file work-v4.pdb (PDB, C-alpha atoms and all ligand atoms)
ATOM      1  CA  ASN K   1      49.413 163.565   7.369
ATOM      2  CA  LEU K   2      52.169 161.534   5.771
ATOM      3  CA  ARG K   3      51.398 157.808   5.848
ATOM      4  CA  LEU K   4      54.302 155.497   5.126
ATOM      5  CA  ILE K   5      55.398 151.959   4.504
ATOM      6  CA  VAL K   6      59.112 151.758   5.307
ATOM      7  CA  ASP K   7      60.970 148.931   3.575
ATOM      8  CA  THR K   8      64.313 148.399   5.277
ATOM      9  CA  ASP K   9      67.375 146.170   5.709
ATOM     10  CA  THR K  10      67.481 147.515   9.233
ATOM     11  CA  ALA K  11      71.017 148.406  10.292
ATOM     12  CA  GLY K  12      72.887 151.614  11.049
ATOM     13  CA  ASP K  13      71.315 154.469   9.148
ATOM     14  CA  ASP K  14      68.101 152.535   8.451
ATOM     15  CA  VAL K  15      67.589 152.793  12.202
ATOM     16  CA  THR K  16      68.142 156.562  12.142
ATOM     17  CA  SER K  17      65.537 156.830   9.415
ATOM     18  CA  LEU K  18      63.038 154.757  11.391
ATOM     19  CA  LEU K  19      63.598 156.942  14.457
ATOM     20  CA  MET K  20      62.910 159.995  12.322
ATOM     21  CA  GLY K  21      59.720 158.531  10.851
ATOM     22  CA  LEU K  22      58.510 157.214  14.197
ATOM     23  CA  LEU K  23      59.145 160.410  16.127
ATOM     24  CA  TRP K  24      58.423 163.189  13.625
ATOM     25  CA  PRO K  25      55.111 164.899  14.440
ATOM     26  CA  GLY K  26      52.417 164.173  11.878
ATOM     27  CA  VAL K  27      54.122 161.160  10.301
ATOM     28  CA  ARG K  28      52.421 157.799  10.564
ATOM     29  CA  ILE K  29      54.356 154.638   9.750
ATOM     30  CA  GLU K  30      51.629 152.156   8.848
ATOM     31  CA  ALA K  31      54.034 149.266   8.382
ATOM     32  CA  ILE K  32      57.686 148.383   8.436
ATOM     33  CA  THR K  33      58.711 145.691   5.963
ATOM     34  CA  THR K  34      62.118 144.073   6.234
ATOM     35  CA  VAL K  35      64.399 142.707   3.555
ATOM     36  CA  MET K  36      67.831 141.112   3.617
ATOM     37  CA  GLY K  37      70.700 143.414   2.749
ATOM     38  CA  ASN K  38      73.054 144.788   5.346
ATOM     39  CA  ILE K  39      72.452 141.640   7.420
ATOM     40  CA  PRO K  40      70.142 138.557   7.286
ATOM     41  CA  VAL K  41      66.448 139.401   7.184
ATOM     42  CA  GLU K  42      65.747 137.850  10.605
ATOM     43  CA  SER K  43      68.221 140.298  12.160
ATOM     44  CA  CYS K  44      66.672 143.185  10.204
ATOM     45  CA  THR K  45      63.286 142.247  11.655
ATOM     46  CA  ALA K  46      64.649 142.090  15.207
ATOM     47  CA  ASN K  47      66.375 145.452  14.727
ATOM     48  CA  ALA K  48      63.201 147.038  13.368
ATOM     49  CA  LEU K  49      61.255 145.814  16.416
ATOM     50  CA  THR K  50      64.016 147.013  18.753
ATOM     51  CA  THR K  51      63.948 150.449  17.084
ATOM     52  CA  VAL K  52      60.175 150.732  17.401
ATOM     53  CA  GLU K  53      60.540 149.873  21.090
ATOM     54  CA  ALA K  54      63.394 152.380  21.523
ATOM     55  CA  ALA K  55      61.094 155.050  20.063
ATOM     56  CA  GLY K  56      58.521 154.183  22.727
ATOM     57  CA  ARG K  57      56.104 152.699  20.196
ATOM     58  CA  GLY K  58      56.472 148.985  20.958
ATOM     59  CA  GLY K  59      53.510 146.966  19.675
ATOM     60  CA  GLN K  60      52.013 149.952  17.838
ATOM     61  CA  VAL K  61      53.710 149.634  14.438
ATOM     62  CA  PRO K  62      53.439 146.284  12.643
ATOM     63  CA  VAL K  63      56.662 144.775  11.283
ATOM     64  CA  TYR K  64      56.454 142.323   8.374
ATOM     65  CA  GLN K  65      59.417 140.162   7.437
ATOM     66  CA  GLY K  66      60.184 139.877   3.737
ATOM     67  CA  CYS K  67      62.613 138.336   1.290
ATOM     68  CA  ASP K  68      65.625 136.537   2.699
ATOM     69  CA  ARG K  69      67.623 136.576  -0.544
ATOM     70  CA  PRO K  70      67.896 138.500  -3.806
ATOM     71  CA  LEU K  71      65.764 137.387  -6.773
ATOM     72  CA  LEU K  72      68.609 135.694  -8.651
ATOM     73  CA  ARG K  73      71.899 136.389  -6.928
ATOM     74  CA  PRO K  74      73.557 134.758  -3.969
ATOM     75  CA  LEU K  75      73.161 136.488  -0.661
ATOM     76  CA  MET K  76      75.743 139.129   0.212
ATOM     77  CA  GLN K  77      75.843 141.419   3.179
ATOM     78  CA  ALA K  78      77.535 144.386   4.832
ATOM     79  CA  ALA K  79      78.102 143.244   8.409
ATOM     80  CA  TYR K  80      81.657 144.538   8.036
ATOM     81  CA  VAL K  81      80.200 148.063   7.860
ATOM     82  CA  HIS K  82      77.527 147.990  10.564
ATOM     83  CA  GLY K  83      78.680 145.115  12.812
ATOM     84  CA  ALA K  84      77.412 141.525  12.827
ATOM     85  CA  ASP K  85      74.154 142.595  14.500
ATOM     86  CA  GLY K  86      73.769 145.605  12.196
ATOM     87  CA  MET K  87      73.558 147.764  15.330
ATOM     88  CA  GLY K  88      77.229 148.591  15.881
ATOM     89  CA  GLU K  89      77.863 145.376  17.850
ATOM     90  CA  SER K  90      75.463 146.572  20.525
ATOM     91  CA  ASN K  91      74.039 143.088  21.054
ATOM     92  CA  PHE K  92      70.749 144.398  22.338
ATOM     93  CA  PRO K  93      68.477 141.902  24.116
ATOM     94  CA  PRO K  94      65.830 140.359  21.855
ATOM     95  CA  PRO K  95      62.834 142.653  21.253
ATOM     96  CA  GLU K  96      59.760 142.190  23.428
ATOM     97  CA  HIS K  97      57.355 142.262  20.509
ATOM     98  CA  ARG K  98      57.045 139.968  17.528
ATOM     99  CA  ALA K  99      56.708 140.461  13.801
ATOM    100  CA  GLU K 100      53.449 139.753  11.985
ATOM    101  CA  THR K 101      53.105 136.411  10.193
ATOM    102  CA  GLU K 102      52.134 137.899   6.811
ATOM    103  CA  HIS K 103      55.010 138.168   4.305
ATOM    104  CA  ALA K 104      56.212 141.711   3.600
ATOM    105  CA  ALA K 105      55.390 141.517  -0.124
ATOM    106  CA  HIS K 106      51.828 140.405   0.634
ATOM    107  CA  ALA K 107      51.493 143.141   3.233
ATOM    108  CA  ILE K 108      52.627 145.786   0.720
ATOM    109  CA  VAL K 109      50.065 144.557  -1.836
ATOM    110  CA  ARG K 110      47.292 144.402   0.752
ATOM    111  CA  LEU K 111      47.967 147.820   2.272
ATOM    112  CA  LEU K 112      48.163 149.572  -1.105
ATOM    113  CA  ASN K 113      44.871 147.969  -2.138
ATOM    114  CA  GLU K 114      43.219 148.906   1.144
ATOM    115  CA  HIS K 115      44.403 152.524   0.928
ATOM    116  CA  PRO K 116      44.748 153.409  -2.763
ATOM    117  CA  GLY K 117      46.384 156.792  -3.355
ATOM    118  CA  GLU K 118      47.111 157.320   0.337
ATOM    119  CA  LEU K 119      50.413 155.644   1.167
ATOM    120  CA  GLU K 120      54.003 156.455   0.257
ATOM    121  CA  ILE K 121      56.799 153.914   0.381
ATOM    122  CA  VAL K 122      60.258 154.772   1.645
ATOM    123  CA  ALA K 123      62.655 152.073   0.434
ATOM    124  CA  HIS K 124      65.987 151.719   2.224
ATOM    125  CA  GLY K 125      67.276 148.341   1.149
ATOM    126  CA  PRO K 126      67.561 146.110  -1.904
ATOM    127  CA  LEU K 127      64.274 146.428  -3.821
ATOM    128  CA  THR K 128      63.426 142.716  -3.621
ATOM    129  CA  ASN K 129      60.196 143.040  -1.599
ATOM    130  CA  LEU K 130      58.882 145.750  -3.881
ATOM    131  CA  ALA K 131      59.720 143.774  -7.029
ATOM    132  CA  VAL K 132      57.913 140.720  -5.648
ATOM    133  CA  ALA K 133      54.930 142.835  -4.574
ATOM    134  CA  TYR K 134      54.745 144.281  -8.088
ATOM    135  CA  MET K 135      54.836 140.814  -9.640
ATOM    136  CA  LEU K 136      52.047 139.678  -7.318
ATOM    137  CA  ASP K 137      49.889 142.677  -8.244
ATOM    138  CA  PRO K 138      51.086 145.093 -10.958
ATOM    139  CA  SER K 139      48.166 147.433 -10.214
ATOM    140  CA  ILE K 140      49.953 148.667  -7.079
ATOM    141  CA  VAL K 141      52.065 151.033  -9.187
ATOM    142  CA  HIS K 142      48.937 153.178  -9.586
ATOM    143  CA  LYS K 143      47.894 152.843  -5.960
ATOM    144  CA  VAL K 144      51.036 154.051  -4.225
ATOM    145  CA  LYS K 145      51.335 157.822  -3.936
ATOM    146  CA  LYS K 146      55.120 157.952  -4.185
ATOM    147  CA  VAL K 147      58.120 155.658  -3.778
ATOM    148  CA  TRP K 148      61.221 157.253  -2.241
ATOM    149  CA  VAL K 149      64.136 155.022  -3.181
ATOM    150  CA  MET K 150      67.538 155.213  -1.505
ATOM    151  CA  GLY K 151      69.735 153.539  -4.052
ATOM    152  CA  GLY K 152      71.948 153.918  -7.042
ATOM    153  CA  SER K 153      74.039 156.937  -7.754
ATOM    154  CA  CYS K 154      74.389 159.690 -10.299
ATOM    155  CA  HIS K 155      77.727 160.508 -11.806
ATOM    156  CA  PHE K 156      79.459 157.134 -11.404
ATOM    157  CA  ARG K 157      80.039 157.286  -7.674
ATOM    158  CA  GLY K 158      79.504 153.905  -6.028
ATOM    159  CA  ASN K 159      80.235 152.613  -2.554
ATOM    160  CA  ILE K 160      80.308 148.826  -2.841
ATOM    161  CA  THR K 161      82.176 149.017  -6.166
ATOM    162  CA  ALA K 162      83.519 151.930  -8.158
ATOM    163  CA  THR K 163      80.241 152.274 -10.024
ATOM    164  CA  ALA K 164      77.563 150.625  -7.890
ATOM    165  CA  GLU K 165      75.751 151.577  -4.736
ATOM    166  CA  PHE K 166      75.097 148.722  -2.278
ATOM    167  CA  ASN K 167      71.268 148.401  -2.458
ATOM    168  CA  PHE K 168      71.209 148.146  -6.253
ATOM    169  CA  TYR K 169      74.331 145.964  -6.310
ATOM    170  CA  VAL K 170      72.792 143.361  -3.992
ATOM    171  CA  ASP K 171      69.689 142.847  -6.143
ATOM    172  CA  PRO K 172      70.086 144.588  -9.511
ATOM    173  CA  GLU K 173      67.279 142.600 -11.132
ATOM    174  CA  ALA K 174      64.832 143.716  -8.450
ATOM    175  CA  ALA K 175      65.917 147.331  -8.907
ATOM    176  CA  ARG K 176      65.459 147.023 -12.660
ATOM    177  CA  ILE K 177      61.979 145.523 -12.302
ATOM    178  CA  VAL K 178      60.923 148.290  -9.924
ATOM    179  CA  PHE K 179      62.292 151.085 -12.122
ATOM    180  CA  GLN K 180      60.670 149.663 -15.244
ATOM    181  CA  ALA K 181      57.330 148.999 -13.572
ATOM    182  CA  GLY K 182      56.136 152.601 -13.710
ATOM    183  CA  PHE K 183      56.135 153.379  -9.972
ATOM    184  CA  PRO K 184      56.186 157.116  -9.143
ATOM    185  CA  ILE K 185      59.808 157.002  -7.970
ATOM    186  CA  VAL K 186      62.026 159.640  -6.437
ATOM    187  CA  MET K 187      65.605 158.354  -6.411
ATOM    188  CA  ILE K 188      68.116 159.538  -3.822
ATOM    189  CA  GLY K 189      71.536 158.157  -4.708
ATOM    190  CA  TRP K 190      74.783 157.601  -2.879
ATOM    191  CA  ASP K 191      76.223 160.754  -4.457
ATOM    192  CA  ILE K 192      73.634 162.851  -2.578
ATOM    193  CA  CYS K 193      74.477 161.038   0.606
ATOM    194  CA  VAL K 194      78.171 161.868   0.329
ATOM    195  CA  ARG K 195      77.611 165.446  -0.805
ATOM    196  CA  ASN K 196      74.640 166.495   1.303
ATOM    197  CA  ALA K 197      74.200 163.977   4.138
ATOM    198  CA  LEU K 198      77.661 163.256   5.504
ATOM    199  CA  VAL K 199      77.772 164.590   9.057
ATOM    200  CA  GLY K 200      81.278 164.997  10.427
ATOM    201  CA  GLY K 201      83.525 167.438  12.297
ATOM    202  CA  GLU K 202      81.882 169.886  14.691
ATOM    203  CA  ASP K 203      78.413 169.034  13.429
ATOM    204  CA  LEU K 204      78.900 165.421  14.482
ATOM    205  CA  GLN K 205      80.369 166.471  17.818
ATOM    206  CA  ARG K 206      77.268 168.549  18.459
ATOM    207  CA  LEU K 207      75.003 165.586  17.640
ATOM    208  CA  HIS K 208      77.076 163.310  19.854
ATOM    209  CA  ALA K 209      76.777 165.797  22.701
ATOM    210  CA  ILE K 210      72.970 165.526  22.747
ATOM    211  CA  ASP K 211      72.171 163.490  25.815
ATOM    212  CA  THR K 212      68.786 161.869  25.291
ATOM    213  CA  PRO K 213      67.979 158.145  25.044
ATOM    214  CA  THR K 214      67.266 158.614  21.305
ATOM    215  CA  ALA K 215      70.619 160.330  20.717
ATOM    216  CA  ARG K 216      72.516 157.689  22.673
ATOM    217  CA  PHE K 217      70.765 154.952  20.658
ATOM    218  CA  TYR K 218      71.644 156.744  17.397
ATOM    219  CA  ARG K 219      75.290 157.064  18.427
ATOM    220  CA  GLN K 220      75.539 153.446  19.431
ATOM    221  CA  VAL K 221      73.959 151.877  16.345
ATOM    222  CA  ASN K 222      76.009 154.037  13.972
ATOM    223  CA  ARG K 223      79.390 153.737  15.688
ATOM    224  CA  LYS K 224      80.731 150.844  13.576
ATOM    225  CA  ALA K 225      79.722 152.596  10.350
ATOM    226  CA  LEU K 226      81.481 155.752  11.548
ATOM    227  CA  ALA K 227      84.694 153.823  12.224
ATOM    228  CA  PHE K 228      84.374 152.072   8.853
ATOM    229  CA  ASN K 229      83.903 155.399   7.071
ATOM    230  CA  GLN K 230      86.857 156.984   8.832
ATOM    231  CA  ALA K 231      89.076 154.055   7.862
ATOM    232  CA  ASN K 232      87.917 154.501   4.274
ATOM    233  CA  GLY K 233      88.365 158.217   3.779
ATOM    234  CA  LEU K 234      84.889 159.509   4.645
ATOM    235  CA  ASP K 235      85.108 161.575   7.798
ATOM    236  CA  GLY K 236      81.684 161.300   9.360
ATOM    237  CA  VAL K 237      78.441 159.373   9.638
ATOM    238  CA  THR K 238      76.655 158.795   6.326
ATOM    239  CA  HIS K 239      72.873 159.214   6.276
ATOM    240  CA  PRO K 240      71.617 157.774   2.973
ATOM    241  CA  ASP K 241      68.410 156.310   4.400
ATOM    242  CA  SER K 242      67.615 159.073   6.851
ATOM    243  CA  ILE K 243      68.011 161.865   4.283
ATOM    244  CA  THR K 244      65.587 159.916   2.103
ATOM    245  CA  MET K 245      63.106 159.761   4.989
ATOM    246  CA  ALA K 246      63.731 163.444   5.705
ATOM    247  CA  MET K 247      62.864 164.259   2.083
ATOM    248  CA  ALA K 248      59.632 162.284   2.269
ATOM    249  CA  ILE K 249      58.744 164.298   5.387
ATOM    250  CA  GLN K 250      59.892 167.668   4.015
ATOM    251  CA  PRO K 251      60.152 167.537   0.212
ATOM    252  CA  GLU K 252      61.590 171.103   0.256
ATOM    253  CA  LEU K 253      64.809 169.419   1.342
ATOM    254  CA  MET K 254      65.256 168.457  -2.294
ATOM    255  CA  LEU K 255      66.795 171.597  -3.773
ATOM    256  CA  ARG K 256      67.213 170.312  -7.308
ATOM    257  CA  SER K 257      65.825 167.300  -9.132
ATOM    258  CA  GLN K 258      65.299 166.159 -12.681
ATOM    259  CA  ARG K 259      63.069 163.626 -14.377
ATOM    260  CA  CYS K 260      65.540 161.193 -15.932
ATOM    261  CA  GLN K 261      65.690 157.892 -17.675
ATOM    262  CA  VAL K 262      67.179 155.396 -15.251
ATOM    263  CA  ASP K 263      68.263 151.848 -15.976
ATOM    264  CA  ILE K 264      70.113 149.355 -13.805
ATOM    265  CA  GLU K 265      73.010 147.265 -15.102
ATOM    266  CA  CYS K 266      72.317 143.543 -14.684
ATOM    267  CA  GLN K 267      74.673 141.930 -17.179
ATOM    268  CA  SER K 268      78.211 143.093 -16.651
ATOM    269  CA  GLU K 269      80.164 141.900 -13.630
ATOM    270  CA  ALA K 270      82.339 145.006 -13.366
ATOM    271  CA  ASN K 271      79.364 147.366 -13.388
ATOM    272  CA  ARG K 272      76.745 145.149 -11.728
ATOM    273  CA  GLY K 273      74.051 147.305 -10.126
ATOM    274  CA  PHE K 274      75.262 150.529 -11.743
ATOM    275  CA  SER K 275      72.426 153.005 -12.224
ATOM    276  CA  ALA K 276      72.612 154.624 -15.627
ATOM    277  CA  VAL K 277      70.975 157.995 -14.976
ATOM    278  CA  ASP K 278      70.488 160.020 -18.111
ATOM    279  CA  THR K 279      70.643 163.654 -17.043
ATOM    280  CA  ARG K 280      70.842 164.926 -20.599
ATOM    281  CA  PRO K 281      67.907 167.071 -21.614
ATOM    282  CA  ALA K 282      65.388 164.722 -23.197
ATOM    283  CA  PRO K 283      64.432 163.850 -25.794
ATOM    284  CA  GLU K 284      66.246 166.054 -28.355
ATOM    285  CA  ASN K 285      69.736 165.060 -27.289
ATOM    286  CA  THR K 286      69.040 161.423 -26.668
ATOM    287  CA  PRO K 287      68.876 159.593 -29.981
ATOM    288  CA  ALA K 288      69.093 156.264 -28.173
ATOM    289  CA  TRP K 289      65.953 157.139 -26.170
ATOM    290  CA  THR K 290      64.077 153.896 -25.785
ATOM    291  CA  GLY K 291      62.049 153.694 -22.633
ATOM    292  CA  GLY K 292      59.548 156.529 -22.931
ATOM    293  CA  GLU K 293      57.735 157.361 -19.711
ATOM    294  CA  ARG K 294      58.009 153.877 -18.289
ATOM    295  CA  THR K 295      61.600 154.037 -17.125
ATOM    296  CA  THR K 296      61.739 157.557 -15.826
ATOM    297  CA  ALA K 297      62.231 158.600 -12.234
ATOM    298  CA  GLU K 298      62.621 161.911 -10.501
ATOM    299  CA  VAL K 299      66.270 161.948  -9.502
ATOM    300  CA  CYS K 300      67.480 164.140  -6.666
ATOM    301  CA  LEU K 301      70.491 166.199  -7.748
ATOM    302  CA  GLU K 302      71.019 168.411  -4.710
ATOM    303  CA  ALA K 303      69.699 168.347  -1.153
ATOM    304  CA  ASP K 304      69.723 170.937   1.628
ATOM    305  CA  TYR K 305      72.349 169.760   4.120
ATOM    306  CA  GLY K 306      71.605 172.506   6.659
ATOM    307  CA  ARG K 307      67.938 171.681   6.778
ATOM    308  CA  PHE K 308      68.661 167.947   7.026
ATOM    309  CA  TYR K 309      71.049 168.551   9.910
ATOM    310  CA  ARG K 310      68.415 170.583  11.739
ATOM    311  CA  MET K 311      65.891 167.762  11.261
ATOM    312  CA  LEU K 312      68.374 165.235  12.647
ATOM    313  CA  THR K 313      69.053 167.474  15.639
ATOM    314  CA  ALA K 314      65.313 167.816  16.264
ATOM    315  CA  VAL K 315      64.793 164.041  16.221
ATOM    316  CA  LEU K 316      67.728 163.294  18.520
ATOM    317  CA  SER K 317      66.956 166.086  20.988
ATOM    318  CA  GLY K 318      63.180 165.646  20.872
ATOM    319  CA  ASP K 319      62.795 169.400  20.301
ATOM    320  CA  PHE K 320      60.744 169.899  17.139
ATOM    321  CA  ARG K 321      60.256 173.660  17.404
ATOM    322  CA  GLU K 322      61.599 175.343  14.255
TER     323      GLU K 322
HETATM  324  C1  LIG A   1      72.798 151.785   1.517
HETATM  325  O1  LIG A   1      73.461 150.579   1.903
HETATM  326  C2  LIG A   1      73.183 150.311   3.237
HETATM  327  O2  LIG A   1      74.313 149.858   3.918
HETATM  328  C3  LIG A   1      72.637 151.575   3.833
HETATM  329  O3  LIG A   1      71.721 151.252   4.837
HETATM  330  C4  LIG A   1      71.993 152.263   2.672
HETATM  331  O4  LIG A   1      70.658 151.851   2.515
HETATM  332  C5  LIG A   1      73.829 152.768   1.066
HETATM  333  O5  LIG A   1      74.510 152.264  -0.031
HETATM  334 CA    CA A   2      69.594 150.462   4.154
END
call {"tool": "encode", "arguments": {"input": "work-v4.pdb", "output": "structure tokens", "more": "lines below"}}
Ligand code: BDR
Ligand code: CA
result
Amino acid sequence: NLRLIVDTDTAGDDVTSLLMGLLWPGVRIEAITTVMGNIPVESCTANALTTVEAAGRGGQVPVYQGCDRPLLRPLMQAAYVHGADGMGESNFPPPEHRAETEHAAHAIVRLLNEHPGELEIVAHGPLTNLAVAYMLDPSIVHKVKKVWVMGGSCHFRGNITATAEFNFYVDPEAARIVFQAGFPIVMIGWDICVRNALVGGEDLQRLHAIDTPTARFYRQVNRKALAFNQANGLDGVTHPDSITMAMAIQPELMLRSQRCQVDIECQSEANRGFSAVDTRPAPENTPAWTGGERTTAEVCLEADYGRFYRMLTAVLSGDFRE
């Protein structure tokens, strides 16, 4: 059984990912930890609780609120993509359940110490909580089984700027700390999302035709992001977080990956948050090789769109037969 901590700036596709993790047979979300990003952290927490309730699991999955700002940078958000509530301007009533009082970073440290070698983390937002957890207890890098990071990008394709993906842009120092810490990271970048997880055209029509409460919820929370994408030349709903969750559930979804040196740009303004992913064969062709094992991550280079789409259909329809 897959046992997860999901760290999320809960809006739009984060919600899709949570639905997938909450509803997929055999997956157990032990904790949801929230972090500012798309919207303020208090809203992320409310959205996480609302999503757990929408999945019929209200009160069964603890939600821990985490960092309300990046380590060093001023707060910046993406309400213009997902709506002010992060849920496509749905303005859902407040959730019935409450978050735990323990801080997300403390909860991550505690859970990894209580269950060494058993839990995987799926990270969907700026990496602030994880960086703080690591600073509180560096030994957690050896206690987590795997960390699936949605963030960064290969091949210079950003979304918030020309070169940077949003999660790394918001808190580049946190991303750098996490990548240098030695966590067993799998990185799924924005490039994969655009190439292998953009659902548009007839495929999207088919998803939108599914008439279950889960599918209606999915459609509603992602509608602002869809309109934003369409106005910006991407014809469909992007699924960066949910394809990352899907990969944690079915690693076969990752068709091609490579162990690469990865570093995050923290100094330049123009390239803030850029992930420098060295896909050159190492180490012969990399004379400037500096980081050794410490800064490497497994970087996803190609994912199976068809399989991802089938997983999404299964979650929204509630029919998990292959
Ligand atoms: C990331 O930014 C957020 O808006 C999405 O939820 C995703 O985690 C994509 O750049
Ligand atoms: Ca996210």
call {"tool": "closest_residue", "arguments": {"input": "work-v4.pdb", "among": "K:Cys260, K:Val178, K:Val141, K:Val149", "to": "ligand CA 2 (chain A)", "atoms": "all atoms listed in the file"}}
result
K:Val149
call {"tool": "closest_residue", "arguments": {"input": "work-v4.pdb", "among": "K:Ile185, K:Val63, K:Val144, K:Met245", "to": "ligand CA 2 (chain A)", "atoms": "all atoms listed in the file"}}
result
K:Met245
call {"tool": "residues_near_ligand", "arguments": {"input": "work-v4.pdb", "ligand": "ligand LIG 1 (chain A)", "cutoff": "8 Å", "atoms": "all atoms listed in the file", "output": "ChimeraX atom specification"}}
result
/K:8-14,37-38,78,81-82,124-126,150-152,158-160,165-167,190,239-241
call {"tool": "residues_around", "arguments": {"input": "work-v4.pdb", "residues": "Asp304 of chain K", "least_positions_apart": "5", "cutoff": "7 Å", "atoms": "only C-alpha atoms", "output": "VMD selection string"}}
result
chain K and resid 196 253 to 255
call {"tool": "closest_residue", "arguments": {"input": "work-v4.pdb", "among": "K:Thr50, K:Gln267, K:Thr33, K:Gln230", "to": "Val15 of chain K", "atoms": "only C-alpha atoms"}}
result
K:Thr50
